[in-house]
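Containing PDB, C-alpha atoms: final.pdb.
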```
ATOM      1  CA  MET A   2      -4.698  -3.340   7.191
ATOM      2  CA  ALA A   3      -1.949  -5.554   5.774
ATOM      3  CA  GLU A   4      -4.135  -8.629   6.158
ATOM      4  CA  LEU A   5      -7.059  -6.786   4.541
ATOM      5  CA  ALA A   6      -4.837  -5.870   1.587
ATOM      6  CA  VAL A   7      -3.805  -9.494   1.069
ATOM      7  CA  VAL A   8      -7.335 -10.839   1.432
ATOM      8  CA  ALA A   9      -8.692  -8.159  -0.933
ATOM      9  CA  ARG A  10      -6.111  -9.032  -3.572
ATOM     10  CA  ARG A  11      -6.948 -12.730  -3.289
ATOM     11  CA  TYR A  12     -10.660 -11.906  -3.498
ATOM     12  CA  MET A  13     -10.215  -9.799  -6.642
ATOM     13  CA  ALA A  14      -8.039 -12.430  -8.314
ATOM     14  CA  SER A  15     -10.472 -15.183  -7.369
ATOM     15  CA  TYR A  16     -13.426 -13.259  -8.796
ATOM     16  CA  ALA A  17     -11.552 -12.412 -11.998
ATOM     17  CA  LEU A  18     -10.708 -16.099 -12.486
ATOM     18  CA  PHE A  19     -14.305 -17.119 -11.697
ATOM     19  CA  ASN A  20     -15.558 -14.546 -14.214
ATOM     20  CA  GLN A  21     -13.173 -15.956 -16.826
ATOM     21  CA  ALA A  22     -14.388 -19.513 -16.191
ATOM     22  CA  LEU A  23     -18.043 -18.444 -16.374
ATOM     23  CA  ALA A  24     -17.404 -16.475 -19.568
ATOM     24  CA  ASP A  25     -15.592 -19.463 -21.075
ATOM     25  CA  ARG A  26     -18.563 -21.693 -20.228
ATOM     26  CA  LEU A  27     -20.908 -19.276 -22.009
ATOM     27  CA  GLY A  28     -18.585 -18.723 -24.976
ATOM     28  CA  LEU A  29     -18.080 -15.048 -24.138
ATOM     29  CA  HIS A  30     -15.160 -12.751 -23.440
ATOM     30  CA  PRO A  31     -15.046 -11.800 -19.715
ATOM     31  CA  THR A  32     -15.614  -8.120 -20.545
ATOM     32  CA  ASP A  33     -18.605  -9.052 -22.695
ATOM     33  CA  LEU A  34     -20.064 -11.085 -19.827
ATOM     34  CA  GLN A  35     -19.713  -8.160 -17.423
ATOM     35  CA  CYS A  36     -21.210  -5.776 -19.971
ATOM     36  CA  LEU A  37     -24.192  -8.119 -20.279
ATOM     37  CA  ASN A  38     -24.374  -8.172 -16.477
ATOM     38  CA  LEU A  39     -24.443  -4.353 -16.382
ATOM     39  CA  LEU A  40     -27.055  -4.207 -19.144
ATOM     40  CA  THR A  41     -29.401  -6.395 -17.111
ATOM     41  CA  LEU A  42     -29.114  -3.898 -14.240
ATOM     42  CA  GLU A  43     -30.270  -0.989 -16.413
ATOM     43  CA  PRO A  44     -33.999  -0.120 -16.343
ATOM     44  CA  GLY A  45     -34.345  -0.584 -20.112
ATOM     45  CA  PRO A  46     -32.483  -0.614 -23.426
ATOM     46  CA  VAL A  47     -29.474   1.712 -23.637
ATOM     47  CA  THR A  48     -27.367   3.380 -26.296
ATOM     48  CA  THR A  49     -23.868   2.232 -27.149
ATOM     49  CA  GLY A  50     -22.704   5.512 -25.603
ATOM     50  CA  ARG A  51     -24.257   4.453 -22.301
ATOM     51  CA  ILE A  52     -22.493   1.086 -22.599
ATOM     52  CA  ALA A  53     -19.235   2.989 -23.038
ATOM     53  CA  GLU A  54     -20.017   4.935 -19.846
ATOM     54  CA  LEU A  55     -20.901   1.773 -17.912
ATOM     55  CA  THR A  56     -17.773  -0.092 -18.969
ATOM     56  CA  GLY A  57     -15.227   2.692 -19.345
ATOM     57  CA  LEU A  58     -14.606   1.622 -22.929
ATOM     58  CA  THR A  59     -14.322   3.990 -25.848
ATOM     59  CA  THR A  60     -17.448   4.219 -27.991
ATOM     60  CA  GLY A  61     -15.642   2.296 -30.735
ATOM     61  CA  SER A  62     -14.729  -0.519 -28.354
ATOM     62  CA  ALA A  63     -18.262  -0.515 -26.942
ATOM     63  CA  THR A  64     -19.642  -0.850 -30.487
ATOM     64  CA  ARG A  65     -17.388  -3.860 -31.146
ATOM     65  CA  LEU A  66     -18.471  -5.352 -27.811
ATOM     66  CA  VAL A  67     -22.135  -4.945 -28.794
ATOM     67  CA  ASP A  68     -21.337  -6.502 -32.191
ATOM     68  CA  ARG A  69     -19.920  -9.588 -30.425
ATOM     69  CA  LEU A  70     -22.877  -9.847 -28.022
ATOM     70  CA  GLU A  71     -25.306  -9.453 -30.930
ATOM     71  CA  ARG A  72     -23.550 -12.164 -32.988
ATOM     72  CA  ALA A  73     -23.705 -14.456 -29.939
ATOM     73  CA  GLY A  74     -27.440 -13.759 -29.591
ATOM     74  CA  TYR A  75     -27.294 -12.044 -26.183
ATOM     75  CA  VAL A  76     -28.446  -8.568 -27.291
ATOM     76  CA  VAL A  77     -30.439  -6.972 -30.077
ATOM     77  CA  ARG A  78     -30.264  -3.513 -31.534
ATOM     78  CA  GLU A  79     -33.562  -1.690 -31.888
ATOM     79  CA  ARG A  80     -34.642   1.784 -32.940
ATOM     80  CA  ASP A  81     -35.873   4.119 -30.217
ATOM     81  CA  ALA A  82     -39.639   4.557 -30.627
ATOM     82  CA  GLY A  83     -39.355   8.242 -29.680
ATOM     83  CA  ASP A  84     -36.418   9.061 -31.953
ATOM     84  CA  ARG A  85     -35.848   6.643 -34.841
ATOM     85  CA  ARG A  86     -32.300   7.998 -35.279
ATOM     86  CA  VAL A  87     -31.293   6.509 -31.908
ATOM     87  CA  VAL A  88     -30.276   2.865 -31.770
ATOM     88  CA  LEU A  89     -30.761   1.085 -28.455
ATOM     89  CA  VAL A  90     -29.196  -2.131 -27.236
ATOM     90  CA  ALA A  91     -31.404  -4.549 -25.315
ATOM     91  CA  PRO A  92     -30.560  -7.893 -23.706
ATOM     92  CA  VAL A  93     -32.383 -10.919 -25.128
ATOM     93  CA  PRO A  94     -34.443 -12.224 -22.182
ATOM     94  CA  GLU A  95     -34.102 -15.910 -23.123
ATOM     95  CA  ARG A  96     -30.319 -15.625 -23.345
ATOM     96  CA  THR A  97     -29.968 -13.652 -20.098
ATOM     97  CA  ALA A  98     -32.149 -16.309 -18.436
ATOM     98  CA  GLU A  99     -29.656 -18.881 -19.717
ATOM     99  CA  VAL A 100     -26.804 -16.922 -18.122
ATOM    100  CA  ALA A 101     -28.816 -16.738 -14.887
ATOM    101  CA  ARG A 102     -29.306 -20.528 -14.909
ATOM    102  CA  VAL A 103     -25.567 -21.155 -15.358
ATOM    103  CA  TRP A 104     -24.804 -18.597 -12.637
ATOM    104  CA  GLU A 105     -27.286 -20.294 -10.301
ATOM    105  CA  ARG A 106     -25.647 -23.684 -10.853
ATOM    106  CA  VAL A 107     -22.103 -22.449 -10.231
ATOM    107  CA  GLY A 108     -22.633 -19.464  -7.943
ATOM    108  CA  GLY A 109     -25.905 -20.248  -6.242
ATOM    109  CA  GLY A 110     -24.162 -21.072  -2.992
ATOM    110  CA  TRP A 111     -22.928 -17.484  -2.769
ATOM    111  CA  PHE A 112     -25.966 -16.388  -0.750
ATOM    112  CA  ALA A 113     -25.400 -19.217   1.716
ATOM    113  CA  LEU A 114     -22.050 -17.635   2.580
ATOM    114  CA  PHE A 115     -23.956 -14.751   4.175
ATOM    115  CA  ALA A 116     -26.944 -16.610   5.640
ATOM    116  CA  ASP A 117     -25.598 -16.532   9.197
ATOM    117  CA  LEU A 118     -25.076 -12.749   9.230
ATOM    118  CA  ASP A 119     -27.487 -10.352  10.887
ATOM    119  CA  ASP A 120     -28.854  -7.201   9.224
ATOM    120  CA  ARG A 121     -26.090  -4.993  10.664
ATOM    121  CA  GLU A 122     -23.370  -7.290   9.351
ATOM    122  CA  LEU A 123     -25.037  -7.528   5.942
ATOM    123  CA  ALA A 124     -25.317  -3.725   5.821
ATOM    124  CA  LEU A 125     -21.559  -3.542   6.403
ATOM    125  CA  PHE A 126     -20.931  -5.817   3.412
ATOM    126  CA  VAL A 127     -23.318  -3.812   1.238
ATOM    127  CA  GLU A 128     -21.610  -0.544   2.195
ATOM    128  CA  HIS A 129     -18.181  -2.106   1.575
ATOM    129  CA  MET A 130     -19.241  -3.274  -1.887
ATOM    130  CA  ARG A 131     -20.689   0.140  -2.766
ATOM    131  CA  ARG A 132     -17.563   1.949  -1.609
ATOM    132  CA  THR A 133     -15.139  -0.387  -3.366
ATOM    133  CA  THR A 134     -17.238  -0.297  -6.555
ATOM    134  CA  GLU A 135     -17.109   3.507  -6.593
ATOM    135  CA  TYR A 136     -13.418   3.591  -5.725
ATOM    136  CA  GLY A 137     -12.565   0.991  -8.370
ATOM    137  CA  ALA A 138     -14.490   2.908 -11.032
ATOM    138  CA  GLU A 139     -12.692   6.136 -10.097
ATOM    139  CA  GLN A 140      -9.298   4.458 -10.246
ATOM    140  CA  ALA A 141     -10.069   2.744 -13.560
ATOM    141  CA  ALA A 142     -11.060   6.117 -15.038
ATOM    142  CA  ARG A 143      -7.827   7.674 -13.778
ATOM    143  CA  LEU A 144      -5.742   4.874 -15.253
ATOM    144  CA  ARG A 145      -7.557   5.076 -18.606
ATOM    145  CA  ALA A 146      -6.934   8.835 -18.638
ATOM    146  CA  GLY A 147      -3.219   8.204 -18.208
ATOM    147  CA  GLU A 148      -3.159   9.568 -14.672
ATOM    148  CA  PRO A 149      -1.564   7.687 -11.816
ATOM    149  CA  ALA A 150      -4.009   5.911  -9.538
ATOM    150  CA  SER A 151      -4.452   7.753  -6.267
ATOM    151  CA  GLY A 152      -2.646   5.866  -3.566
ATOM    152  CA  GLY A 153      -3.532   4.801  -0.122
ATOM    153  CA  GLY A 154       0.015   4.630   1.100
ATOM    154  CA  THR A 155       1.265   1.528  -0.740
ATOM    155  CA  GLY A 156       3.732   1.635  -3.557
ATOM    156  CA  ASP A 157       3.255  -0.077  -6.894
ATOM    157  CA  ARG A 158       5.818  -2.725  -6.027
ATOM    158  CA  GLN A 159       4.032  -3.554  -2.792
ATOM    159  CA  ALA A 160       0.678  -3.757  -4.553
ATOM    160  CA  VAL A 161       2.063  -6.219  -7.105
ATOM    161  CA  SER A 162       4.386  -8.280  -4.944
ATOM    162  CA  GLY A 163       2.603  -8.012  -1.622
ATOM    163  CA  GLN A 164       5.817  -6.911   0.043
ATOM    164  CA  ALA A 165       6.939  -3.502   1.201
ATOM    165  CA  GLU A 166       9.906  -1.935  -0.509
TER     166      GLU A 166
END
```
Spit out the file's structure as structure tokens when you get a sec.
Amino acid sequence: MAELAVVARRYMASYALFNQALADRLGLHPTDLQCLNLLTLEPGPVTTGRIAELTGLTTGSATRLVDRLERAGYVVRERDAGDRRVVLVAPVPERTAEVARVWERVGGGWFALFADLDDRELALFVEHMRRTTEYGAEQAARLRAGEPASGGGTGDRQAVSGQAE
């Protein structure tokens, strides 16, 4: 478990730094890039309220995020055909294709990392990613609400320094 904790921390830091570098390349803030990522996973245009739910941001912060993405040309605001009072946010397909091309150039080898795994091993990775995604979202919500994160037996000092107290 100690080795898993260290490897997980390195993995998270590595991904955060990769995300920053990719965002820098695209001229975006890292949070804006991940919001755009989440928007492309939605089945259609969404409200700013839904963006707030997806990101954990306040609705005001989500509105400012959408403003930045709109100025950069990555999203458009459009009226809902069923209810003209509702404003929806939709990714711009040409711009998301551009992001996909950059991702493919820098991260395309990611799939090769898993090419030698069988279906059972891949299923383990998928389940791990689902579980950690859910857990991370729960903990982020707790932290935003001012609650302490629920622990798994490690103290804050250990989590930051990597050493037991």
>> Show me, as an NGL selection string, the residues that have an atom within 10 Å of Cys36 in chain A when counting only C-alpha atoms, minus same-chain residues fewer than 4 positions from it.
In response: :A and (30-32 or 40-42 or 52-53 or 55-56 or 63 or 66-67 or 70)
>> I need the output of the PyMOL selection byres ((chain A and resi 137-146) around 12) for this file as a PyMOL selection string; which residues are they?
In response: chain A and resi 13+53-59+129-136+147-153
> Is there a way to get, as a list in words, all residues within 12 Å of the point (-11.4, -10.0, -7.1) in file coordinates, counting all atoms listed in the file?
Replying inline: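 The residues that fall inside the cut-off are Ala6, Val7, Val8, Ala9, Arg10, Arg11, Tyr12, Met13, Ala14, Ser15, Tyr16, Ala17, Leu18, Phe19, Asn20, Gln21, Met130, Thr133, Thr134 and Gly137 of chain A.
Across the model, the gap from CA of Ala101 in chain A to CA of Thr60 in chain A is 27.2 Å.
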Per residue of range 14-55 of chain A within 6 Å of range 89-96 of chain A, what are the shortest atom pair and its distance in Å to one decimal, counting only C-alpha atoms, with rows by chain and residue number, as a tab-separated table?
```
residue	atom	partner	partner_atom	distance
A:Pro46	CA	A:Ala91	CA	4.5
A:Val47	CA	A:Leu89	CA	5.0
A:Thr48	CA	A:Leu89	CA	4.6
```
With C-alpha atoms retained, export the selected residues as a PDB file, keeping the file's coordinate frame.
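File again_14.pdb, as written:
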```
ATOM      1  CA  PRO A  46     -32.483  -0.614 -23.426  1.00  0.00           C
ATOM      2  CA  VAL A  47     -29.474   1.712 -23.637  1.00  0.00           C
ATOM      3  CA  THR A  48     -27.367   3.380 -26.296  1.00  0.00           C
TER       4      THR A  48
END
```
Contact residues around Arg72 in chain A with all atoms listed in the file at 12 Å, ignoring same-chain residues under 6 positions, as an mmCIF file with C-alpha atoms, keeping the file's coordinate frame:
```
data_model
loop_
_atom_site.group_PDB
_atom_site.id
_atom_site.type_symbol
_atom_site.label_atom_id
_atom_site.label_comp_id
_atom_site.auth_asym_id
_atom_site.auth_seq_id
_atom_site.Cartn_x
_atom_site.Cartn_y
_atom_site.Cartn_z
ATOM 1 C CA GLY A 28 -18.585 -18.723 -24.976
ATOM 2 C CA LEU A 29 -18.080 -15.048 -24.138
ATOM 3 C CA ASP A 33 -18.605 -9.052 -22.695
ATOM 4 C CA ARG A 65 -17.388 -3.860 -31.146
ATOM 5 C CA LEU A 66 -18.471 -5.352 -27.811
ATOM 6 C CA ARG A 78 -30.264 -3.513 -31.534
ATOM 7 C CA VAL A 93 -32.383 -10.919 -25.128
#
```
>> Would you compute the distance between CA of Glu122 in chain A and CA of Gly110 in chain A? Give it in Å to one decimal.
In response: 18.5 Å
>> What does the structure give for the distance between CA of Glu79 in chain A and CA of Thr49 in chain A, in Å to one decimal?
In response: 11.5 Å
